[in-house]
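To keep things clear, I will list the structure first and then write my remarks on it.
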Amino acid sequence: LPCVVWWRTMRRAPGIQGLQRQQRQQAQLRRVGDELSEQSALDIRRQLDALRERVEQFAVQHRRTINSDPRFRAQFNEMCAAIGLDPLQSSKGFWTQMLGVGDFYYELAVQVAEICMQTRASTGGLLALSELHARLAKGHARGIQKVSLDDTRRAVAQLQKLGGGFAIVDVGGADFVRSVPAELNADHSTALVCARRTSFVTRSMLVKECAWSEDRAARVLESLLREGLVWLDLQAKPEPAFWVPCVWQAQGAADTIAVEDSGGRP
């Protein structure tokens, strides 16, 4: 009886030929899978190339609208991003030759850097994105290409690639352009948010509104003062006040530019 059981077990086990046949089948399946993957990738590349050609034709047909209409230009940029095209990738590529968008954004980035450097002494290197856009839009008011908020963001993004601290940061739901290498941590942002109502912040305000300790509030304010993001008013009563120039300038930017555009009339 043990011999019969052993013989039946051997009958069920695959032999060398069976193992070799399974290996050949697996190899064939792998080859078929690789061929299908390569064909799929090739089809996708062909489709993307065809789509890029259509986008280029569209860009040539609507060149004037892309250059003159900021909203249309923003939608065009979104469409390009959706298919992996970057009109700003090369200043010598198709997009610059046909549309000039590369040159437009590079020139805009230079103007962004100039404005940030001009205002750095008064803002500490933190400028409201809305104010930056207003200044750029005013400079392009008589030009062919109008500047949108999306254009401003893209210009800052070009500077961000170069380093030097340029970036758009969120402070209490509002966007600011940072033009210094200093990093804003959560405590810094919280202190700046507290100043949005009055344009200044004090140690007691942080202790009361943020439930911070006296030591924590003092450290954060000293750090902001050291980075040049706040101004210290020792004459304020009943305690020194730390004014945040980027906040009060952002609040009055629209009114100031409106007055300037009206020839100085309020």
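Chain labels follow the order of the structure tokens: the first chain is A, the next B, and so on; residue numbering restarts at 1 in every chain, and ligands are counted from 1 in their shown order.
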
Per DSSP on the backbone, what are the helix (DSSP H, G or I) residues of segment 14-229 of chain A, as a PyMOL selection string?
chain A and resi 16-61+63-68+70-82+94-98+101-123+129-139+149-161+186-194+203-210+214-226

Ala113 of chain A surroundings by only C-alpha atoms, 9 Å radius, close-in-sequence under 2 positions cut, as a list of chain:residue names:
A:Leu108, A:Ala109, A:Val110, A:Gln111, A:Ile115, A:Cys116, A:Met117, A:Gln118, A:Val156, A:Leu159, A:Phe166, A:Ser179

So how far away is atom CA of Trp248 of chain A from atom CA of Val193 of chain A, in Å?
12.1 Å

As a PyMOL selection string, please: the residues near segment 188-191 of chain A (cut-off 9 Å, only C-alpha atoms, same-chain neighbours under 5 positions excluded).
chain A and resi 170-172+201+206+210+217+220-221+223-224

Filtering to C-alpha atoms, could you give me those residues as a PDB file, in the first residue's frame?
ATOM      1  CA  ASP A 170       0.200  82.309   2.374  1.00  0.00           C
ATOM      2  CA  VAL A 171      -0.363  84.525   5.392  1.00  0.00           C
ATOM      3  CA  GLY A 172      -3.789  84.064   6.910  1.00  0.00           C
ATOM      4  CA  VAL A 201       0.856  93.595  16.799  1.00  0.00           C
ATOM      5  CA  LEU A 206      -0.274  87.517  20.877  1.00  0.00           C
ATOM      6  CA  CYS A 210      -3.077  83.165  20.405  1.00  0.00           C
ATOM      7  CA  ALA A 217       5.439  85.942  21.901  1.00  0.00           C
ATOM      8  CA  VAL A 220       8.505  85.482  17.567  1.00  0.00           C
ATOM      9  CA  LEU A 221       8.434  89.279  17.526  1.00  0.00           C
ATOM     10  CA  SER A 223      12.644  87.085  15.043  1.00  0.00           C
ATOM     11  CA  LEU A 224      10.356  89.135  12.779  1.00  0.00           C
TER      12      LEU A 224
END

Using only C-alpha atoms, which protein or nucleic acid residues come within 12 Å of Lys146 of chain A? Drop anything in the same chain fewer than 2 positions from it, and give the result as a ChimeraX atom specification.
/A:65-74,104-105,108,133-134,136-144,148-152

Just checking: using only C-alpha atoms, which residue out of A:Arg45, A:Asp187, A:Tyr106, A:Arg178 ends up closest to Trp212 of chain A?
A:Asp187
